[in-house]
Each structure stands twice: as structure tokens, then as C-alpha cells.
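Take a look at the structure below.
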Amino acid sequence: MSVNFDAVTGHLSGDGVVETVRKVKDLAGVFRDEAARAAMDQEHVLYRVEAFEPVPEGTLGGVGLATTYLMPGQVGDEYILTRGHYHINEDRPELEVTISGEGYLVLMDRDRNTHIEAMTPGSVHPVGLGIAHRVANTGTEPLVFVSYWASETGHDYATIREHGFSGRVRNLEGVPVLVKE
Ligand code: PAN
Ligand code: ZN
């Protein structure tokens with residue numbers, strides 16, 4: 001079984017690649033300014049993910065690979081971002097590789113300490129054990145990055161949906177800043 005990965009664009013293609021589209025309507029409650037999100041075109045696409053998982057999620061035996069295309073822009077003064085998650089198996093790490101664009105990887109440990117790492121073309125970011133992760137696009141072009149994780153990892157979205165991150169990447173007078181909450 002194989003698929004094709006375009007190392008220049010990040011595009012994954014072939015049988016077995018699954019595309020997921022996340023629109024404004026899918027990210028209710030994710031941004032600090034929910035009223036601003038609610039006032040936007042609900043069909044506007046915030047990000048797309050092309051994923052290749054050679055074995056079903058949650059089972060042993062494969063490495064997942066996904067390209068995320070995160071759109072530029074803001075909701076209120078907060079940069080457009082991915083929902084973010086912990087891994088269900090806390091002893092499973094991840095790797096993020098930036099293809100193009102610019103932004104920040106937002107990392108939060110179980111004690112809710114949050115920090116950011118700048119993502120620029122070619123930057124490689126290990127996501128350590130038990131670390132929630134999301135990405136914010138602070139540039140003017142799509143931020144494209146590739147993620148790798150073990151198939152048995154599993155994704156926990158509920159914890160972040162309920163508690164969020166302890167910091168948000170916001171545009172303060174033209175400068176992206178991690179603002180602690
Ligand atoms: C990534 C993410 C992708 C979309 O492939 O799943 O960037 O973000 P959300 O899944 O938080 O909506 C990854 O972290 N995989 O484990
Ligand atoms: Zn992940």
C-alpha cells in the first residue's frame with residue numbers, strides 16, 4: 001500500500017488519503033471572541049487536512065501522516081487556528097514539519113503551562129509526551145505543515161473543547177503575542 005506525498009506543496013494523494021474540511025461553523029466555542037466567529041460566513045473554510053493512516057486509528061502497526069492547510073486571518077484579534085488536542089495514549093509523541101507559511105505551534109502540558117514555537121518553512125517540531133498541541137497562522141498565506149504520529153496514539157478533543165488552552169495567539173497592535181488567560 002502506498003500513497004504520494006508532494007514534498008514541495010505537502011499534497012497527499014492516492015487511495016487511502018482522507019480529506020477533512022473544518023469550516024467556521026465547525027469551530028463554535030473555539031475562539032476567544034465567539035460573537036465574531038458567529039458573525040462570519042459559516043461556510044468559510046478555516047483548514048483542511050489530508051491524512052494517510054495505514055491502519056485504523058487506535059490500533060498498533062502504522063505511522064499516520066497528515067498535511068494541514070491552515071488559512072490566514074483572524075477571528076476577532078485571535079489568529080485562525082486548529083482545534084488542538086491531547087493524545088489519548090500519553091506516551092505517544094508527534095512530529096510537525098512546516099512546509100510553507102508562518103505561524104506558531106502552541107504547546108500546553110497537563111499543568112496548563114503553554115508556550116509557542118515559531119513555525120517557518122522547514123522548521124521541525126517534536127511534540128513531547130502528554131502535550132496538547134494546536135497551530136495558529138499569523139501570516140498572510142496558508143500555513144502548511146505535516147504531522148507524523150503512531151497509529152495507536154488516539155486523539156482526545158474533549159479535554160480541549162471543555163477547558164481550552166491557557167494562552168491564545170492574538171494580534172496586539174500588529175504583533176502576534178501569546179496572551180495568557
Ligand atoms: C494534526 C492535526 C491537524 C488538525 O494532524 O490533527 O493539524 O488539527 P486538529 O486535529 O486539532 O483539528 C495532528 O496533530 N495529528 O495528531
Ligand atoms: Zn496530534
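Going through the C-alpha cells in order, the chains are called A, B, and so on, while each chain numbers its residues from 1 and the ligands are numbered from 1 in the order shown.
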Kindly provide the residues of chain A that approach ligand 1 to within 10 Å, each paired with its closest atom pair and their distance in Å to one decimal, based on only C-alpha atoms and all ligand atoms, listed by chain and increasing number, as a tab-separated table.
residue	atom	partner	partner_atom_place_in_ligand_line	distance
A:Thr20	CA	ligand 1	4 (C)	8.9
A:Val21	CA	ligand 1	12 (O)	9.5
A:Arg22	CA	ligand 1	12 (O)	7.7
A:Asp26	CA	ligand 1	12 (O)	10.0
A:Leu27	CA	ligand 1	12 (O)	9.3
A:Tyr47	CA	ligand 1	4 (C)	7.8
A:Arg48	CA	ligand 1	4 (C)	7.8
A:Val49	CA	ligand 1	3 (C)	6.2
A:Glu50	CA	ligand 1	5 (O)	8.4
A:Ala51	CA	ligand 1	5 (O)	7.4
A:Phe52	CA	ligand 1	5 (O)	9.9
A:Gly64	CA	ligand 1	16 (O)	8.0
A:Leu65	CA	ligand 1	5 (O)	7.2
A:Ala66	CA	ligand 1	5 (O)	5.0
A:Thr67	CA	ligand 1	5 (O)	6.6
A:Thr68	CA	ligand 1	7 (O)	5.1
A:Tyr69	CA	ligand 1	7 (O)	8.1
A:Leu70	CA	ligand 1	7 (O)	8.1
A:Leu81	CA	ligand 1	8 (O)	8.4
A:Thr82	CA	ligand 1	8 (O)	4.7
A:Arg83	CA	ligand 1	11 (O)	4.2
A:Gly84	CA	ligand 1	11 (O)	3.4
A:His85	CA	ligand 1	11 (O)	5.2
A:Tyr86	CA	ligand 1	16 (O)	8.4
A:His87	CA	ligand 1	16 (O)	7.4
A:Arg92	CA	ligand 1	16 (O)	10.0
A:Pro93	CA	ligand 1	16 (O)	8.9
A:Glu94	CA	ligand 1	16 (O)	6.7
A:Leu95	CA	ligand 1	14 (O)	8.4
A:Glu96	CA	ligand 1	14 (O)	7.9
A:Val127	CA	ligand 1	14 (O)	9.0
A:Ala132	CA	ligand 1	14 (O)	8.8
A:His133	CA	ligand 1	14 (O)	6.7
A:Arg134	CA	ligand 1	11 (O)	5.8
A:Val135	CA	ligand 1	7 (O)	7.1
A:Val144	CA	ligand 1	7 (O)	9.2
A:Phe145	CA	ligand 1	7 (O)	7.7
A:Val146	CA	ligand 1	5 (O)	7.0
A:Ser147	CA	ligand 1	5 (O)	5.0
A:Tyr148	CA	ligand 1	15 (N)	6.9
A:Trp149	CA	ligand 1	16 (O)	6.0
A:Ala150	CA	ligand 1	16 (O)	8.8
A:Ser151	CA	ligand 1	16 (O)	9.5
A:Thr153	CA	ligand 1	16 (O)	8.0
A:Gly154	CA	ligand 1	16 (O)	7.9
A:His155	CA	ligand 1	16 (O)	6.7
A:Asp156	CA	ligand 1	11 (O)	9.2
A:Tyr157	CA	ligand 1	11 (O)	7.3
A:Ile160	CA	ligand 1	11 (O)	9.3
Just write the chosen residues, N, CA and C atoms, as a compact mmCIF listing (two decimals), in the first residue's frame.
# COMPACT_ATOMS: atom_id res chain seq x y z
N THR A 20 -10.35 16.03 5.32
CA THR A 20 -11.32 16.59 6.25
C THR A 20 -11.28 18.11 6.12
N VAL A 21 -12.47 18.73 6.08
CA VAL A 21 -12.56 20.18 5.95
C VAL A 21 -13.20 20.74 7.22
N ARG A 22 -12.56 21.73 7.80
CA ARG A 22 -13.10 22.39 9.00
C ARG A 22 -13.50 23.82 8.63
N ASP A 26 -17.83 24.75 12.18
CA ASP A 26 -17.33 23.58 12.91
C ASP A 26 -16.50 23.97 14.14
N LEU A 27 -16.18 25.25 14.28
CA LEU A 27 -15.29 25.67 15.36
C LEU A 27 -16.01 26.57 16.37
N TYR A 47 -9.58 25.33 7.82
CA TYR A 47 -8.46 24.46 7.47
C TYR A 47 -8.94 23.16 6.84
N ARG A 48 -8.00 22.54 6.14
CA ARG A 48 -8.21 21.24 5.50
C ARG A 48 -7.10 20.32 5.94
N VAL A 49 -7.41 19.06 6.09
CA VAL A 49 -6.39 18.06 6.45
C VAL A 49 -6.48 16.91 5.45
N GLU A 50 -5.34 16.54 4.89
CA GLU A 50 -5.24 15.33 4.08
C GLU A 50 -4.46 14.32 4.91
N ALA A 51 -5.07 13.18 5.19
CA ALA A 51 -4.45 12.22 6.11
C ALA A 51 -4.32 10.85 5.46
N PHE A 52 -3.22 10.21 5.78
CA PHE A 52 -3.00 8.82 5.38
C PHE A 52 -2.72 8.02 6.63
N GLY A 64 0.88 7.42 11.16
CA GLY A 64 -0.03 8.33 10.47
C GLY A 64 0.74 9.51 9.91
N LEU A 65 0.24 10.01 8.80
CA LEU A 65 0.87 11.16 8.12
C LEU A 65 -0.27 12.06 7.67
N ALA A 66 -0.17 13.35 7.96
CA ALA A 66 -1.24 14.27 7.56
C ALA A 66 -0.66 15.63 7.19
N THR A 67 -1.21 16.22 6.15
CA THR A 67 -0.88 17.60 5.79
C THR A 67 -2.06 18.49 6.15
N THR A 68 -1.77 19.55 6.90
CA THR A 68 -2.80 20.53 7.27
C THR A 68 -2.55 21.82 6.50
N TYR A 69 -3.62 22.36 5.92
CA TYR A 69 -3.59 23.64 5.22
C TYR A 69 -4.44 24.60 6.06
N LEU A 70 -3.77 25.46 6.80
CA LEU A 70 -4.46 26.36 7.74
C LEU A 70 -4.52 27.75 7.14
N LEU A 81 -6.78 29.18 13.88
CA LEU A 81 -6.02 28.08 14.47
C LEU A 81 -6.75 26.75 14.30
N THR A 82 -6.02 25.68 14.58
CA THR A 82 -6.64 24.35 14.61
C THR A 82 -7.25 24.13 15.99
N ARG A 83 -8.18 23.17 16.08
CA ARG A 83 -8.87 22.95 17.37
C ARG A 83 -7.89 22.58 18.47
N GLY A 84 -6.95 21.70 18.16
CA GLY A 84 -5.98 21.25 19.15
C GLY A 84 -6.49 20.06 19.94
N HIS A 85 -5.56 19.28 20.45
CA HIS A 85 -5.93 18.05 21.18
C HIS A 85 -4.75 17.53 21.99
N TYR A 86 -5.08 16.67 22.95
CA TYR A 86 -4.08 15.81 23.59
C TYR A 86 -4.12 14.49 22.86
N HIS A 87 -3.12 13.65 23.12
CA HIS A 87 -3.17 12.28 22.64
C HIS A 87 -3.73 11.39 23.73
N ARG A 92 2.73 8.69 23.57
CA ARG A 92 2.93 8.72 22.13
C ARG A 92 3.19 10.16 21.69
N PRO A 93 4.38 10.42 21.14
CA PRO A 93 4.73 11.77 20.69
C PRO A 93 4.27 12.04 19.26
N GLU A 94 4.64 13.18 18.75
CA GLU A 94 4.28 13.56 17.37
C GLU A 94 5.40 14.43 16.82
N LEU A 95 5.40 14.60 15.52
CA LEU A 95 6.38 15.48 14.89
C LEU A 95 5.64 16.37 13.90
N GLU A 96 5.94 17.67 13.95
CA GLU A 96 5.36 18.61 12.98
C GLU A 96 6.49 19.18 12.12
N VAL A 127 6.61 17.13 19.32
CA VAL A 127 5.57 17.35 20.33
C VAL A 127 5.77 16.27 21.38
N ALA A 132 -0.59 18.93 24.79
CA ALA A 132 -1.64 19.34 23.85
C ALA A 132 -1.02 20.26 22.81
N HIS A 133 -1.53 20.18 21.58
CA HIS A 133 -0.93 20.98 20.52
C HIS A 133 -1.98 21.50 19.55
N ARG A 134 -1.73 22.71 19.11
CA ARG A 134 -2.54 23.33 18.06
C ARG A 134 -1.62 24.29 17.30
N VAL A 135 -2.11 24.81 16.18
CA VAL A 135 -1.30 25.69 15.34
C VAL A 135 -2.10 26.93 15.00
N VAL A 144 1.13 25.62 5.86
CA VAL A 144 1.04 24.20 5.50
C VAL A 144 2.07 23.44 6.32
N PHE A 145 1.63 22.40 7.01
CA PHE A 145 2.57 21.60 7.80
C PHE A 145 2.15 20.14 7.77
N VAL A 146 3.13 19.29 8.04
CA VAL A 146 2.93 17.85 8.00
C VAL A 146 3.11 17.30 9.41
N SER A 147 2.23 16.40 9.79
CA SER A 147 2.28 15.77 11.12
C SER A 147 2.50 14.28 10.97
N TYR A 148 3.27 13.70 11.89
CA TYR A 148 3.52 12.26 11.93
C TYR A 148 3.23 11.77 13.34
N TRP A 149 2.51 10.67 13.46
CA TRP A 149 2.21 10.10 14.77
C TRP A 149 1.97 8.60 14.62
N ALA A 150 2.15 7.87 15.71
CA ALA A 150 1.93 6.43 15.70
C ALA A 150 0.44 6.13 15.69
N SER A 151 0.07 5.07 14.97
CA SER A 151 -1.36 4.78 14.75
C SER A 151 -2.12 4.51 16.04
N THR A 153 -1.91 6.09 18.75
CA THR A 153 -1.91 7.30 19.58
C THR A 153 -3.31 7.69 20.07
N GLY A 154 -4.25 7.85 19.19
CA GLY A 154 -5.60 8.29 19.56
C GLY A 154 -5.64 9.79 19.86
N HIS A 155 -6.77 10.41 19.58
CA HIS A 155 -6.90 11.87 19.75
C HIS A 155 -7.98 12.21 20.76
N ASP A 156 -7.63 13.04 21.73
CA ASP A 156 -8.57 13.49 22.75
C ASP A 156 -8.90 14.96 22.47
N TYR A 157 -10.07 15.21 21.89
CA TYR A 157 -10.51 16.58 21.62
C TYR A 157 -11.34 17.14 22.77
N ILE A 160 -9.76 19.62 25.47
CA ILE A 160 -9.53 20.98 24.98
C ILE A 160 -10.86 21.69 24.72
Notebook entry, point to check: Neighbours of Thr140 of chain A within 9 Å (only C-alpha atoms; same-chain residues fewer than 6 positions away dropped), as JSON, numbers by chain?
Noted result: {"A": [71, 72, 73, 101, 102]}
Please produce a file of the residues just selected, as a compact mmCIF listing (two decimals), in the first residue's frame, where the atoms kept are C-alpha atoms.
# COMPACT_ATOMS: atom_id res chain seq x y z
CA MET A 71 -5.91 29.55 6.30
CA PRO A 72 -4.69 33.04 7.20
CA GLY A 73 -6.89 35.52 9.01
CA GLY A 101 3.76 29.87 5.53
CA GLU A 102 4.36 31.16 9.03
Margin query: Between atom CA of Val75 of chain A and atom 1 (Zn, counted along the ligand's line) of ligand 2, what distance in Å does the model show, to one decimal?
Written below: 22.8 Å
Notebook entry, point to check: What lies within 9 Å of Glu90 of chain A using only C-alpha atoms, ignoring chain neighbours under 5 positions off, as number ranges by chain?
Noted result: A: 129-131, 153
Residues just named, written with all heavy atoms as a tab-separated table (two decimals), in the first residue's frame:
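Saved as result-v7.tsv:
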chain	number	residue	atom	x	y	z
A	129	LEU	N	5.61	14.15	25.17
A	129	LEU	CA	4.59	13.29	25.78
A	129	LEU	C	3.62	14.11	26.62
A	129	LEU	O	4.02	14.96	27.41
A	129	LEU	CB	5.26	12.22	26.63
A	129	LEU	CG	6.29	11.36	25.88
A	129	LEU	CD1	6.83	10.27	26.80
A	129	LEU	CD2	5.69	10.78	24.60
A	130	GLY	N	2.34	13.85	26.43
A	130	GLY	CA	1.32	14.50	27.24
A	130	GLY	C	1.13	15.97	26.93
A	130	GLY	O	0.61	16.71	27.76
A	131	ILE	N	1.54	16.40	25.76
A	131	ILE	CA	1.48	17.83	25.41
A	131	ILE	C	0.35	18.08	24.41
A	131	ILE	O	0.35	17.53	23.30
A	131	ILE	CB	2.82	18.29	24.78
A	131	ILE	CG1	4.00	18.00	25.71
A	131	ILE	CG2	2.75	19.76	24.42
A	131	ILE	CD1	4.01	18.81	26.99
A	153	THR	N	-1.91	6.09	18.75
A	153	THR	CA	-1.91	7.30	19.58
A	153	THR	C	-3.31	7.69	20.07
A	153	THR	O	-3.53	7.86	21.26
A	153	THR	CB	-1.31	8.47	18.77
A	153	THR	OG1	0.05	8.16	18.47
A	153	THR	CG2	-1.39	9.77	19.52
Next item on the list: Would you work out the distance separating atom CA of Asn113 of chain A from atom CA of Ala36 of chain A, expressed in Å to one decimal?
Entry: 26.8 Å
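Counting only C-alpha atoms, the residue from A:Pro176, A:Ala7, A:Asp77, A:Val30 that sits nearest to Ala158 of chain A is A:Val30.
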Notebook entry, point to check: For Leu178 of chain A, which of A:Lys23, A:Arg32, A:Arg161, A:His115 is the closest residue, counting only C-alpha atoms?
Noted result: A:His115
Notebook entry, point to check: Out of A:Glu57, A:Glu19, A:Glu173, A:Glu43, which residue has the shortest atom-to-atom distance to ligand 2 when counting only C-alpha atoms and all ligand atoms?
Noted result: A:Glu57
Check: So which bits of segment 7-121 of chain A end up strand (DSSP E) when you DSSP the backbone, as a ChimeraX atom specification?
Finding: /A:12-13,17-23,45-52,63-70,74-75,78-79,86-87,94-100,103-108,114-119
Take the residues just selected and output them with N, CA and C atoms as a CSV table (one decimal), in the first residue's frame.
chain,number,residue,atom,x,y,z
A,12,LEU,N,-1.0,15.3,-0.4
A,12,LEU,CA,-1.0,13.9,-0.3
A,12,LEU,C,-2.1,13.4,-1.2
A,13,SER,N,-1.8,12.4,-2.0
A,13,SER,CA,-2.8,11.9,-2.9
A,13,SER,C,-2.8,10.4,-3.0
A,17,VAL,N,-6.0,8.2,1.1
A,17,VAL,CA,-5.9,9.6,1.7
A,17,VAL,C,-7.3,10.1,1.9
A,18,VAL,N,-7.5,10.5,3.1
A,18,VAL,CA,-8.8,11.1,3.5
A,18,VAL,C,-8.7,12.5,3.8
A,19,GLU,N,-9.6,13.3,3.2
A,19,GLU,CA,-9.6,14.8,3.4
A,19,GLU,C,-10.7,15.2,4.4
A,20,THR,N,-10.3,16.0,5.3
A,20,THR,CA,-11.3,16.6,6.3
A,20,THR,C,-11.3,18.1,6.1
A,21,VAL,N,-12.5,18.7,6.1
A,21,VAL,CA,-12.6,20.2,6.0
A,21,VAL,C,-13.2,20.7,7.2
A,22,ARG,N,-12.6,21.7,7.8
A,22,ARG,CA,-13.1,22.4,9.0
A,22,ARG,C,-13.5,23.8,8.6
A,23,LYS,N,-14.8,24.1,8.8
A,23,LYS,CA,-15.3,25.4,8.4
A,23,LYS,C,-15.6,26.2,9.7
A,45,VAL,N,-13.9,28.1,4.8
A,45,VAL,CA,-13.0,27.0,5.3
A,45,VAL,C,-11.9,27.6,6.1
A,46,LEU,N,-11.7,27.1,7.3
A,46,LEU,CA,-10.6,27.5,8.1
A,46,LEU,C,-9.3,26.6,7.9
A,47,TYR,N,-9.6,25.3,7.8
A,47,TYR,CA,-8.5,24.5,7.5
A,47,TYR,C,-8.9,23.2,6.8
A,48,ARG,N,-8.0,22.5,6.1
A,48,ARG,CA,-8.2,21.2,5.5
A,48,ARG,C,-7.1,20.3,5.9
A,49,VAL,N,-7.4,19.1,6.1
A,49,VAL,CA,-6.4,18.1,6.4
A,49,VAL,C,-6.5,16.9,5.5
A,50,GLU,N,-5.3,16.5,4.9
A,50,GLU,CA,-5.2,15.3,4.1
A,50,GLU,C,-4.5,14.3,4.9
A,51,ALA,N,-5.1,13.2,5.2
A,51,ALA,CA,-4.4,12.2,6.1
A,51,ALA,C,-4.3,10.8,5.5
A,52,PHE,N,-3.2,10.2,5.8
A,52,PHE,CA,-3.0,8.8,5.4
A,52,PHE,C,-2.7,8.0,6.6
A,63,VAL,N,2.2,4.3,11.0
A,63,VAL,CA,2.6,5.7,11.3
A,63,VAL,C,1.6,6.5,10.5
A,64,GLY,N,0.9,7.4,11.2
A,64,GLY,CA,0.0,8.3,10.5
A,64,GLY,C,0.7,9.5,9.9
A,65,LEU,N,0.2,10.0,8.8
A,65,LEU,CA,0.9,11.2,8.1
A,65,LEU,C,-0.3,12.1,7.7
A,66,ALA,N,-0.2,13.4,8.0
A,66,ALA,CA,-1.2,14.3,7.6
A,66,ALA,C,-0.7,15.6,7.2
A,67,THR,N,-1.2,16.2,6.1
A,67,THR,CA,-0.9,17.6,5.8
A,67,THR,C,-2.1,18.5,6.2
A,68,THR,N,-1.8,19.5,6.9
A,68,THR,CA,-2.8,20.5,7.3
A,68,THR,C,-2.6,21.8,6.5
A,69,TYR,N,-3.6,22.4,5.9
A,69,TYR,CA,-3.6,23.6,5.2
A,69,TYR,C,-4.4,24.6,6.1
A,70,LEU,N,-3.8,25.5,6.8
A,70,LEU,CA,-4.5,26.4,7.7
A,70,LEU,C,-4.5,27.8,7.1
A,74,GLN,N,-8.1,36.2,10.9
A,74,GLN,CA,-8.3,36.3,12.4
A,74,GLN,C,-9.8,36.1,12.7
A,75,VAL,N,-10.1,35.7,13.9
A,75,VAL,CA,-11.5,35.8,14.4
A,75,VAL,C,-11.3,36.7,15.6
A,78,GLU,N,-7.8,37.2,17.4
A,78,GLU,CA,-7.1,35.9,17.5
A,78,GLU,C,-6.9,35.3,16.1
A,79,TYR,N,-5.7,34.8,15.9
A,79,TYR,CA,-5.3,34.2,14.6
A,79,TYR,C,-6.0,32.9,14.4
A,86,TYR,N,-5.1,16.7,23.0
A,86,TYR,CA,-4.1,15.8,23.6
A,86,TYR,C,-4.1,14.5,22.9
A,87,HIS,N,-3.1,13.6,23.1
A,87,HIS,CA,-3.2,12.3,22.6
A,87,HIS,C,-3.7,11.4,23.7
A,94,GLU,N,4.6,13.2,18.7
A,94,GLU,CA,4.3,13.6,17.4
A,94,GLU,C,5.4,14.4,16.8
A,95,LEU,N,5.4,14.6,15.5
A,95,LEU,CA,6.4,15.5,14.9
A,95,LEU,C,5.6,16.4,13.9
A,96,GLU,N,5.9,17.7,13.9
A,96,GLU,CA,5.4,18.6,13.0
A,96,GLU,C,6.5,19.2,12.1
A,97,VAL,N,6.3,19.2,10.8
A,97,VAL,CA,7.3,19.7,9.9
A,97,VAL,C,6.6,20.8,9.0
A,98,THR,N,7.1,22.0,9.1
A,98,THR,CA,6.5,23.1,8.3
A,98,THR,C,6.9,23.1,6.8
A,99,ILE,N,5.9,23.1,6.0
A,99,ILE,CA,6.2,23.2,4.5
A,99,ILE,C,6.3,24.6,4.0
A,100,SER,N,5.2,25.4,4.3
A,100,SER,CA,5.2,26.8,3.9
A,100,SER,C,4.3,27.6,4.8
A,103,GLY,N,3.7,30.8,11.3
A,103,GLY,CA,2.8,30.9,12.4
A,103,GLY,C,3.4,30.3,13.6
A,104,TYR,N,2.6,29.8,14.5
A,104,TYR,CA,3.1,29.3,15.8
A,104,TYR,C,2.5,27.9,16.1
A,105,LEU,N,3.3,27.0,16.6
A,105,LEU,CA,2.8,25.8,17.3
A,105,LEU,C,2.6,26.2,18.7
A,106,VAL,N,1.4,25.9,19.2
A,106,VAL,CA,1.0,26.2,20.6
A,106,VAL,C,1.0,24.9,21.4
A,107,LEU,N,1.8,24.8,22.4
A,107,LEU,CA,2.0,23.6,23.2
A,107,LEU,C,1.6,23.8,24.7
A,108,MET,N,0.9,22.9,25.2
A,108,MET,CA,0.4,23.0,26.6
A,108,MET,C,0.6,21.7,27.3
A,114,THR,N,1.6,26.9,28.9
A,114,THR,CA,1.6,27.0,27.5
A,114,THR,C,2.7,27.8,27.0
A,115,HIS,N,3.3,27.3,25.9
A,115,HIS,CA,4.4,28.1,25.2
A,115,HIS,C,4.2,27.9,23.7
A,116,ILE,N,4.9,28.8,23.0
A,116,ILE,CA,4.8,28.7,21.5
A,116,ILE,C,6.1,28.5,20.9
A,117,GLU,N,6.1,27.9,19.7
A,117,GLU,CA,7.3,27.8,18.9
A,117,GLU,C,7.0,28.4,17.5
A,118,ALA,N,7.9,29.2,16.9
A,118,ALA,CA,7.7,29.8,15.6
A,118,ALA,C,7.8,28.7,14.5
A,119,MET,N,6.8,28.7,13.6
A,119,MET,CA,6.9,27.8,12.5
A,119,MET,C,7.2,28.5,11.3
